[in-house]
Amino acid sequence: MDKIHVTLPDGNVLDIDRGTSPMDVAAGISSGLARMAVAARFNDSLIDMSLPLKEDGSLEILTEKSPDALEVLRHSCAHLMAQAVQRIFPETKVTIGPVIEDGFYYDFDREAPFTPEDLVKIEGEMKKIAKEKLEIRREEVTREAALKMFEEMGEAYKVEIIKELPAGETITCYRQGDWVDLCRGPHLPNTSFIKAFKLLSIAGAYWRGDEKNRMLQRIYGTAFFRKAELEEYLLMLEEAKKRDHRRLGKELELFAFEEKVGGGFVFWYPKGVTVRKQIEDYLYHELVKRGYQWVISPHLARSELWKTSGHYDFYRENMYSLSIDDEEYIVKPMNCPFHVMIYKNKRRSYRELPIKYAENGTVYRYEKSGALHGMLRVRGFTQDDAHIICTPEQVHGEIEKLIDLALDIYRVFGFEKYKFELSVRDSRNKQKYAGTDEEWDMAEDALIQALAKKGIEFERMEGEAVFYGPKIDVKLYDCLGRKWQATTIQFDFNLPRRFGMTYVASDGAEHTPFMIHRAIFGSWERFFGMLVEQYAGAFPLWLAPVQVSVIPITDDNVPYAGEVADKLIAAGIRVSVDDRSEKMGYKIREAQMQKVPYMLVIGKKEAEDGTVSVRVRGRGDEGAVPVDEFIRKVTSLVRSKSLDLP
């Protein structure tokens with residue numbers, strides 16, 4: 001039999017028979033490794049332990065400790081769930097069941113809605129199937145055979161998927177017991193590896209995300225190799241529920257959504273605007289110090305503008321349009337073409353560059369209703385947008401400054417952990433992108449050099465670039481370890497050329513400038529939602545919508561409470577006075593529920609002594625202090641943007 005050469009992670013090379021499986025290789029190394037093996041990586045591709053190896057390559061046997069093993073476990077758990085569903089509810093049709101971050105889901109077509117009680121039943125059946133130790137077998141079939149099999153099973157969604165595949169293509173299915181699914185894999189060797197899992201929720205989802213298609217039922221779940229890891233994750237989810245910005249936004253009167261207006265459009269309430277204004281003021285002054293100029297642009301423009309920019313061809317499905325005087329107008333999905341027009345209002349010299357235009361510009365983008373998620377995914381949002389127009393020689397320095405700006409801002413808001421990603425184009429599908437290979441290589445190199453100079457590690461994200469250039473994306477981790485999209489630093493050699501942007505260089509000739517798009521927060525809505533969850537609504541003092549609640553004990557103490565409030569307001573402190581005829585304990589609890597940092601309780605003694613009795617959020621009574629002393633402490637904390645209450 002022919003031999004092939006397989007290189008192991010330690011560098012050892014094995015000569016094995018062609019067709020030998022990774023499980024055979026593992027068994028040859030040790031019986032213990034074979035028992036623990038869940039999947040394999042061959043030439044950088046995840047494969048099943050049973051897949052015959054037919055060529056030379058590098059082989060790694062994955063156990064539950066391997067980083068990629070969790071993905072295989074969760075994929076197999078999605079299949080386990082679907083099998084359990086069809087055992088209990090045989091009339092149910094299956095669609096797709098992918099792995100997602102922190103878990104998996106499967107979409108089902110069933111007339112009767114799933115209930116929380118059904119999830120308990122499904123989990124019980126999953127445990128039974130797991131204990132049956134069913135072998136999970138990979139089967140290769142022809143397109144025609146797959147069509148026939150799934151048509152006979154009545155699985156119309158699988159048939160639809162198969163019909164879209166090229167004629168003559170080999171198709172893979174996975175079978176466990178009497179249940180089979182269309183799938184590329186890979187999967188675990190058998191169901192007994194699946195021990196620690198939990199079905200989490202039920203949601204609606206349109207088939208293939210299209211609102212014109214049938215509404216399906218999506219069951220979300222998660223799985224881990226160890227029960228302790230699952231329990232830790234479930235505890236994190238409980239804490240996440242307490243921090244859910246949608247619930248807190250309503251309870252704290254920060255923002256809301258109105259069904260009559262439509263999904264994805266935010267109403268900012270006074271308290272929410274107060275918090276946002278503190279952030280806006282901070283950002284405004286920080287950017288002015290860094291040489292930015294603030295601008296304001298229109299909310300819509302003739303479609304010709306978007307055709308010139310290229311957005312009309314590359315981004316049309318995400319745009320809202322309307323007709324004015326029989327001419328098509330686009331509600332702006334981004335601010336960049338408007339900033340280009342401001343730049344082009346006069347002839348520019350190299351001495352003016354870099355020019356940095358900043359705008360809190362509200363934009364509108366179509367999102368499918370199923371993708372909307374509170375403040376984190378909306379249809380109308382405000383970007384903390386800016387565009388830097390510079391010479392080629394200035395590009396590297398400006399990107400480095402943007403990285404410094406982002407890191408400085410993260411620290412101010414208490415985000416200490418983050419991940420940098422470099423999004424580049426899909427080299428296999430270059431026609432999707434504007435620009436030449438040379439321009440893309442140059443732009444990518446500029447971003448990489450800036451990251452390297454700052455000593456920042458990054459992950460390369462193939463195919464994640466937008467059509468007009470590569471970009472740096474930054475994901476922030478909150479206190480629960482969840483990732484949120486924040487900063488984008490986007491290189492653009494497309495718009496300057498399309499709009500004929502020029503500057504007069506030192507040689508007296510006109511040259512095309514470079515442009516860098518950037519948003520530090522990403523959008524006000526998403527960043528605000530992140531902040532609410534980061535602090536569970538208990539904002540740092542400098543951001544809190546109400547910083548101090550003044551609480552008189554009786555009606556007789558109301559006049560002095562008013563005097564104290566006036567002093568605080570004069571010092572720039574945001575104050576509320578609770579002079580309702582309610583019991584003191586009730587008013588204190590109300591202030592605590594609203595997460596007010598300081599409560600000043602005022603009675604007869606405080607009025608006589610010119611003091612206030614201070615209660616601190618999360619700590620309780622801390623005694624009486626003179627009013628002026630309290631004001632000095634609070635204003636000092638606000639100026640320093642402290643994240644803690646002393």
# chains A, B, ... in the order shown; residues from 1 in each chain; ligands from 1
call {"tool": "residues_around", "arguments": {"residues": "stretch 7-21 of chain A", "least_positions_apart": "2", "cutoff": "6 Å", "atoms": "only C-alpha atoms", "output": "mmCIF file with C-alpha atoms, in the first residue's frame"}}
result
data_model
loop_
_atom_site.group_PDB
_atom_site.id
_atom_site.type_symbol
_atom_site.label_atom_id
_atom_site.label_comp_id
_atom_site.auth_asym_id
_atom_site.auth_seq_id
_atom_site.Cartn_x
_atom_site.Cartn_y
_atom_site.Cartn_z
ATOM 1 C CA ASP A 2 1.183 3.555 -0.748
ATOM 2 C CA LYS A 3 2.776 5.447 2.094
ATOM 3 C CA ILE A 4 2.283 9.098 3.041
ATOM 4 C CA HIS A 5 4.290 11.276 5.418
ATOM 5 C CA MET A 23 -7.827 7.880 15.105
ATOM 6 C CA ASP A 24 -5.474 5.145 13.886
ATOM 7 C CA SER A 50 -12.317 8.903 11.125
ATOM 8 C CA LEU A 51 -11.401 10.741 7.908
ATOM 9 C CA PRO A 52 -8.857 8.809 5.780
ATOM 10 C CA LEU A 53 -5.637 10.743 5.162
ATOM 11 C CA LYS A 54 -4.672 10.649 1.499
ATOM 12 C CA SER A 58 0.897 18.164 9.193
ATOM 13 C CA LEU A 59 -1.409 16.478 11.706
#
call {"tool": "select_by_dssp", "arguments": {"residues": "stretch 308-533 of chain A", "states": "strand (DSSP E or B)", "output": "PyMOL selection string"}}
result
chain A and resi 320-324+327-331+349+355-364+373+377+380-390+417-424+458-462+466+469+471-477+483-492+503-504+510-511+514-519
call {"tool": "closest_residue", "arguments": {"among": "A:Leu248, A:Val273, A:Leu216, A:Val616", "to": "A:Ile96", "atoms": "only C-alpha atoms"}}
result
A:Leu216
call {"tool": "residues_around", "arguments": {"residues": "stretch 34-39 of chain A", "least_positions_apart": "3", "cutoff": "10 Å", "atoms": "only C-alpha atoms", "output": "JSON, numbers by chain"}}
result
{"A": [22, 23, 24, 25, 26, 27, 28, 29, 30, 31, 42, 46, 47, 48, 49, 50, 51, 60, 61, 62, 63, 64, 65, 66, 68, 69, 70, 72, 73, 186, 187, 188, 189, 190, 193]}
call {"tool": "write_last_selection", "arguments": {"atoms": "C-alpha atoms", "output": "PDB file, in the first residue's frame"}}
result
ATOM      1  CA  PRO A  22      -6.269  10.293  12.583  1.00  0.00           C
ATOM      2  CA  MET A  23      -7.827   7.880  15.105  1.00  0.00           C
ATOM      3  CA  ASP A  24      -5.474   5.145  13.886  1.00  0.00           C
ATOM      4  CA  VAL A  25      -2.545   7.552  14.271  1.00  0.00           C
ATOM      5  CA  ALA A  26      -3.679   8.514  17.781  1.00  0.00           C
ATOM      6  CA  ALA A  27      -4.052   4.853  18.785  1.00  0.00           C
ATOM      7  CA  GLY A  28      -0.551   4.199  17.508  1.00  0.00           C
ATOM      8  CA  ILE A  29       0.806   6.943  19.755  1.00  0.00           C
ATOM      9  CA  SER A  30      -1.115   5.901  22.885  1.00  0.00           C
ATOM     10  CA  SER A  31      -4.452   4.388  23.839  1.00  0.00           C
ATOM     11  CA  PHE A  42      -4.727  18.377   9.073  1.00  0.00           C
ATOM     12  CA  LEU A  46     -10.377  20.708  11.098  1.00  0.00           C
ATOM     13  CA  ILE A  47     -11.328  17.135  10.209  1.00  0.00           C
ATOM     14  CA  ASP A  48     -13.040  14.112  11.774  1.00  0.00           C
ATOM     15  CA  MET A  49     -10.979  11.510  13.572  1.00  0.00           C
ATOM     16  CA  SER A  50     -12.317   8.903  11.125  1.00  0.00           C
ATOM     17  CA  LEU A  51     -11.401  10.741   7.908  1.00  0.00           C
ATOM     18  CA  GLU A  60      -2.489  17.536  15.185  1.00  0.00           C
ATOM     19  CA  ILE A  61      -4.752  15.380  17.351  1.00  0.00           C
ATOM     20  CA  LEU A  62      -7.194  17.585  19.282  1.00  0.00           C
ATOM     21  CA  THR A  63      -8.374  16.795  22.799  1.00  0.00           C
ATOM     22  CA  GLU A  64     -10.815  18.779  24.909  1.00  0.00           C
ATOM     23  CA  LYS A  65      -7.937  21.022  25.992  1.00  0.00           C
ATOM     24  CA  SER A  66      -7.295  22.183  22.415  1.00  0.00           C
ATOM     25  CA  ASP A  68     -10.556  24.439  18.493  1.00  0.00           C
ATOM     26  CA  ALA A  69     -12.145  21.463  20.255  1.00  0.00           C
ATOM     27  CA  LEU A  70     -14.956  23.536  21.755  1.00  0.00           C
ATOM     28  CA  VAL A  72     -16.436  20.783  17.318  1.00  0.00           C
ATOM     29  CA  LEU A  73     -18.233  19.945  20.568  1.00  0.00           C
ATOM     30  CA  PRO A 186     -16.309  17.952  11.453  1.00  0.00           C
ATOM     31  CA  HIS A 187     -17.914  16.234  14.442  1.00  0.00           C
ATOM     32  CA  LEU A 188     -17.022  14.270  17.548  1.00  0.00           C
ATOM     33  CA  PRO A 189     -16.405  10.509  17.262  1.00  0.00           C
ATOM     34  CA  ASN A 190     -19.589   9.720  19.210  1.00  0.00           C
ATOM     35  CA  PHE A 193     -18.383  13.237  24.575  1.00  0.00           C
TER      36      PHE A 193
END
call {"tool": "atom_distance", "arguments": {"atom1": "atom CA of A:Ala130", "atom2": "atom CA of A:Ser45"}}
result
26.2 Å
call {"tool": "residues_around", "arguments": {"residues": "A:Ile171", "least_positions_apart": "2", "cutoff": "8 Å", "atoms": "only C-alpha atoms", "output": "PyMOL selection string"}}
result
chain A and resi 140-143+146+169+173+182+184
call {"tool": "residues_around", "arguments": {"residues": "stretch 369-380 of chain A", "least_positions_apart": "6", "cutoff": "7 Å", "atoms": "only C-alpha atoms", "output": "PyMOL selection string"}}
result
chain A and resi 205+246+264-265+362-363+525-526+529
call {"tool": "closest_residue", "arguments": {"among": "A:Asp507, A:Phe104, A:Cys77, A:Ile551", "to": "A:Met126", "atoms": "only C-alpha atoms"}}
result
A:Cys77
call {"tool": "residues_around", "arguments": {"residues": "stretch 221-232 of chain A", "least_positions_apart": "4", "cutoff": "8 Å", "atoms": "only C-alpha atoms", "output": "PDB file with N, CA and C atoms, in the first residue's frame"}}
result
ATOM      1  N   GLU A  64      -9.940  17.723  24.384  1.00  0.00           N
ATOM      2  CA  GLU A  64     -10.815  18.779  24.909  1.00  0.00           C
ATOM      3  C   GLU A  64     -10.044  20.012  25.361  1.00  0.00           C
ATOM      4  N   LEU A  70     -13.651  23.064  21.290  1.00  0.00           N
ATOM      5  CA  LEU A  70     -14.956  23.536  21.755  1.00  0.00           C
ATOM      6  C   LEU A  70     -15.908  23.767  20.583  1.00  0.00           C
ATOM      7  N   LEU A  73     -17.256  20.394  19.572  1.00  0.00           N
ATOM      8  CA  LEU A  73     -18.233  19.945  20.568  1.00  0.00           C
ATOM      9  C   LEU A  73     -19.578  20.630  20.360  1.00  0.00           C
ATOM     10  N   ARG A  74     -19.563  21.935  20.200  1.00  0.00           N
ATOM     11  CA  ARG A  74     -20.819  22.680  20.086  1.00  0.00           C
ATOM     12  C   ARG A  74     -21.542  22.371  18.780  1.00  0.00           C
ATOM     13  N   CYS A  77     -23.195  19.204  19.398  1.00  0.00           N
ATOM     14  CA  CYS A  77     -24.305  19.388  20.336  1.00  0.00           C
ATOM     15  C   CYS A  77     -25.528  19.962  19.620  1.00  0.00           C
ATOM     16  N   ALA A  78     -25.296  20.812  18.610  1.00  0.00           N
ATOM     17  CA  ALA A  78     -26.413  21.328  17.810  1.00  0.00           C
ATOM     18  C   ALA A  78     -27.124  20.180  17.102  1.00  0.00           C
ATOM     19  N   ASP A 102     -19.807  31.499  21.915  1.00  0.00           N
ATOM     20  CA  ASP A 102     -20.333  31.044  23.198  1.00  0.00           C
ATOM     21  C   ASP A 102     -21.415  29.977  23.088  1.00  0.00           C
ATOM     22  N   GLY A 103     -21.643  29.402  21.901  1.00  0.00           N
ATOM     23  CA  GLY A 103     -22.653  28.362  21.855  1.00  0.00           C
ATOM     24  C   GLY A 103     -23.040  27.949  20.453  1.00  0.00           C
ATOM     25  N   PHE A 104     -24.334  27.684  20.272  1.00  0.00           N
ATOM     26  CA  PHE A 104     -24.853  27.227  18.988  1.00  0.00           C
ATOM     27  C   PHE A 104     -26.345  27.535  18.934  1.00  0.00           C
ATOM     28  N   TYR A 105     -26.928  27.381  17.757  1.00  0.00           N
ATOM     29  CA  TYR A 105     -28.391  27.399  17.643  1.00  0.00           C
ATOM     30  C   TYR A 105     -28.794  26.458  16.524  1.00  0.00           C
ATOM     31  N   PHE A 193     -19.243  12.108  24.206  1.00  0.00           N
ATOM     32  CA  PHE A 193     -18.383  13.237  24.575  1.00  0.00           C
ATOM     33  C   PHE A 193     -19.210  14.436  25.048  1.00  0.00           C
ATOM     34  N   ILE A 194     -20.516  14.441  24.723  1.00  0.00           N
ATOM     35  CA  ILE A 194     -21.375  15.602  25.011  1.00  0.00           C
ATOM     36  C   ILE A 194     -22.027  15.393  26.375  1.00  0.00           C
ATOM     37  N   LYS A 195     -21.540  16.104  27.378  1.00  0.00           N
ATOM     38  CA  LYS A 195     -21.995  15.878  28.754  1.00  0.00           C
ATOM     39  C   LYS A 195     -22.517  17.140  29.439  1.00  0.00           C
ATOM     40  N   ALA A 196     -21.886  18.283  29.165  1.00  0.00           N
ATOM     41  CA  ALA A 196     -22.246  19.518  29.879  1.00  0.00           C
ATOM     42  C   ALA A 196     -22.836  20.516  28.888  1.00  0.00           C
ATOM     43  N   PHE A 197     -24.163  20.602  28.857  1.00  0.00           N
ATOM     44  CA  PHE A 197     -24.818  21.512  27.904  1.00  0.00           C
ATOM     45  C   PHE A 197     -26.077  22.093  28.534  1.00  0.00           C
ATOM     46  N   LYS A 198     -26.569  23.158  27.909  1.00  0.00           N
ATOM     47  CA  LYS A 198     -27.771  23.830  28.404  1.00  0.00           C
ATOM     48  C   LYS A 198     -28.467  24.524  27.243  1.00  0.00           C
ATOM     49  N   LEU A 199     -29.775  24.314  27.115  1.00  0.00           N
ATOM     50  CA  LEU A 199     -30.578  25.064  26.151  1.00  0.00           C
ATOM     51  C   LEU A 199     -31.018  26.351  26.820  1.00  0.00           C
ATOM     52  N   LEU A 200     -30.808  27.471  26.146  1.00  0.00           N
ATOM     53  CA  LEU A 200     -30.893  28.773  26.803  1.00  0.00           C
ATOM     54  C   LEU A 200     -32.156  29.560  26.494  1.00  0.00           C
ATOM     55  N   SER A 201     -32.571  29.580  25.242  1.00  0.00           N
ATOM     56  CA  SER A 201     -33.690  30.462  24.895  1.00  0.00           C
ATOM     57  C   SER A 201     -34.294  30.063  23.562  1.00  0.00           C
ATOM     58  N   MET A 236     -22.337  33.667  34.667  1.00  0.00           N
ATOM     59  CA  MET A 236     -22.045  34.884  33.919  1.00  0.00           C
ATOM     60  C   MET A 236     -23.290  35.382  33.190  1.00  0.00           C
TER      61      MET A 236
END
call {"tool": "residues_around", "arguments": {"residues": "A:Ser321", "least_positions_apart": "2", "cutoff": "12 Å", "atoms": "only C-alpha atoms", "output": "ChimeraX atom specification"}}
result
/A:299-303,306,312,316-319,323-324,327-333,364-366
call {"tool": "atom_distance", "arguments": {"atom1": "atom CA of A:Tyr560", "atom2": "atom CA of A:Ser576"}}
result
13.8 Å
call {"tool": "closest_residue", "arguments": {"among": "A:Val6, A:Ala84, A:Met341, A:Ile100", "to": "A:Gly57", "atoms": "only C-alpha atoms"}}
result
A:Val6
call {"tool": "closest_atom_pairs", "arguments": {"of": "stretch 480-558 of chain A", "to": "stretch 413-427 of chain A", "cutoff": "10 Å", "atoms": "only C-alpha atoms", "output": "CSV"}}
result
residue,atom,partner,partner_atom,distance
A:Gly481,CA,A:Lys417,CA,8.7
A:Lys483,CA,A:Tyr418,CA,8.1
A:Trp484,CA,A:Tyr418,CA,9.1
A:Gln485,CA,A:Lys419,CA,9.6
A:Ala486,CA,A:Tyr418,CA,9.6
A:Thr487,CA,A:Phe420,CA,9.3
A:Thr488,CA,A:Glu421,CA,9.6
A:Ile489,CA,A:Leu422,CA,9.6
A:Gln490,CA,A:Ser423,CA,9.3
A:Leu531,CA,A:Phe413,CA,8.0
A:Gln534,CA,A:Gly414,CA,8.6
A:Tyr535,CA,A:Gly414,CA,9.4
A:Phe539,CA,A:Phe413,CA,9.9
A:Pro540,CA,A:Phe413,CA,8.8
A:Leu543,CA,A:Phe413,CA,9.7
call {"tool": "write_last_selection", "arguments": {"atoms": "C-alpha atoms", "output": "PDB file, in the first residue's frame"}}
result
ATOM      1  CA  GLY A 481     -15.348  39.169  29.470  1.00  0.00           C
ATOM      2  CA  LYS A 483     -16.426  41.466  23.405  1.00  0.00           C
ATOM      3  CA  TRP A 484     -17.916  44.610  21.877  1.00  0.00           C
ATOM      4  CA  GLN A 485     -17.042  46.260  18.572  1.00  0.00           C
ATOM      5  CA  ALA A 486     -15.724  49.779  19.198  1.00  0.00           C
ATOM      6  CA  THR A 487     -12.992  51.602  17.276  1.00  0.00           C
ATOM      7  CA  THR A 488     -12.491  51.428  13.515  1.00  0.00           C
ATOM      8  CA  ILE A 489      -9.478  52.953  11.739  1.00  0.00           C
ATOM      9  CA  GLN A 490     -10.124  52.654   8.026  1.00  0.00           C
ATOM     10  CA  LEU A 531     -21.331  51.562  29.195  1.00  0.00           C
ATOM     11  CA  GLN A 534     -20.163  47.706  31.954  1.00  0.00           C
ATOM     12  CA  TYR A 535     -21.373  49.576  35.035  1.00  0.00           C
ATOM     13  CA  PHE A 539     -22.284  55.201  36.133  1.00  0.00           C
ATOM     14  CA  PRO A 540     -19.098  56.775  37.487  1.00  0.00           C
ATOM     15  CA  LEU A 543     -21.147  60.535  34.004  1.00  0.00           C
TER      16      LEU A 543
END
call {"tool": "closest_residue", "arguments": {"among": "A:Tyr220, A:Leu134, A:Thr554, A:Glu259", "to": "A:Glu582", "atoms": "only C-alpha atoms"}}
result
A:Thr554
call {"tool": "select_by_dssp", "arguments": {"residues": "stretch 426-615 of chain A", "states": "helix (DSSP H, G or I)", "output": "ChimeraX atom specification"}}
result
/A:430-432,437-453,495-498,524-534,555-570,584-593,604-609
call {"tool": "atom_distance", "arguments": {"atom1": "atom CA of A:Thr274", "atom2": "atom CA of A:Ala544"}}
result
8.1 Å
